[in-house]
Amino acid sequence: MAQPPAPDLTSLDARAREIFREIVESYLTTGEPVGSRTLSKLGSVGLSAASIRNTMADLAGLGLLDAPHAMAGRRPTQAGLRFFVDSLLQLGDVPPEEKREIDARISQAGTNPQDLLGAASELLSGLAGGAGLVVTPERDAPVRHAEIVGIGPGQALLVLVFEDNQIENRIINTPPDLPSGALVEAANYLNARFKGKTLSEARTEATEAIARDRAALDQAAAKLVEKGLVEWSGEDPTMGRSLIVRGRGNLLQDQQAIADLERARRLFDDLEKTRELIQVLDLAKAGEAVRVFIGSENPLFSLSGSSLIVAPYMNAERRVVGALGVIGPTRLNYARVIPVVDYTARVVGRLLDARGSER
């Protein structure tokens, strides 16, 4: 879906900005369009309803506001929410009591990283009022041993044993008549060339290695090695990772979602697209800051009209290893949720490092 052109906001004066901010904050709180009389009665902008109405018309002309129908008040558009988040949103720190709750609940999750990440997703869903999302880290431990086992016509199982004692099994498609000797030769080659390498290191060396050694391998084994290296080296960055989603029920607490069941259904469909969601959350890995996707800014949410707030979590070396966030309606409480997501990401990174050093 093509993005609408960005509005020209150079002519937006202080009064218009203040009226716009009041409209957005009221809408995010109530979910209802805001009328000029409502703003006038609040008294915070110190203008008559007629003056406010004229400014609201100007804001609508810039594409920042719209109205659900002719007699309703105004509400922010997607472009309006983006302008609000980027230019007018005032972020505070996470309150001390919430920090203590986040620290305690994630710390009590046990020593298993999967349990810790599940607790983080559950926590985010409760604190933010949306669904909590956590992508598990990419595997960074070196491989200790690889084995390829035939499991039926046209399929083999690649078994990877890592130095941290974790085991991953990955299915490889093979020719139906592949001889068993090719499986053994391919496994021996993988162990000889890539034992002790991480998946990212294998990814870097894989293409050169197979091109250099193809002549020394049986043709069937060479093809199998290529398939194994694709699986091993993680050319698909989502391979071997999982998405933890908690709090789907929170998405039905929003009155607008209940009124628009089709939008809610589309959002639930989006949450089933694990690979696509992992790829969206991985966009946070490009930097260290929280990222906010509003509505159709990401194609995955173009139909459900949802917002995603996502942050990377890092290890002690400041290397990004995963991402977490919250998805919900576009009227999420951005001022509250953004700091919570950011703080939770920092806690998760710190605790994963601590648990890893204990093993």
# chains A, B, ... in the order shown; residues from 1 in each chain; ligands from 1
$ select_by_dssp --residues "range 249-340 of chain A" --states "strand (DSSP E or B)" --output "list of chain:residue names"
A:Arg291, A:Val292, A:Phe293, A:Ile294, A:Ser306, A:Ser307, A:Leu308, A:Ile309, A:Val310, A:Ala311, A:Pro312, A:Tyr313, A:Met314, A:Val320, A:Val321, A:Gly322, A:Ala323, A:Leu324, A:Gly325, A:Val326, A:Ile327, A:Gly328, A:Pro329
$ residues_around --residues "Lys197 in chain A" --least-positions-apart "4" --cutoff "6 Å" --atoms "only C-alpha atoms" --output "number ranges by chain"
A: 142-143, 201
$ closest_residue --among "A:Arg17, A:Arg248, A:Arg212, A:His69" --to "Gly328 in chain A" --atoms "only C-alpha atoms"
A:Arg248
$ atom_distance --atom1 "CA of Leu243 in chain A" --atom2 "CA of Ala335 in chain A"
25.4 Å
$ atom_distance --atom1 "CA of Ala119 in chain A" --atom2 "CA of Gly325 in chain A"
12.8 Å
$ atom_distance --atom1 "CA of Glu276 in chain A" --atom2 "CA of Arg291 in chain A"
16.7 Å
$ residues_around --residues "Val280 in chain A" --least-positions-apart "5" --cutoff "9 Å" --atoms "only C-alpha atoms" --output "list in words"
Arg275, Asn298 and Leu300 of chain A
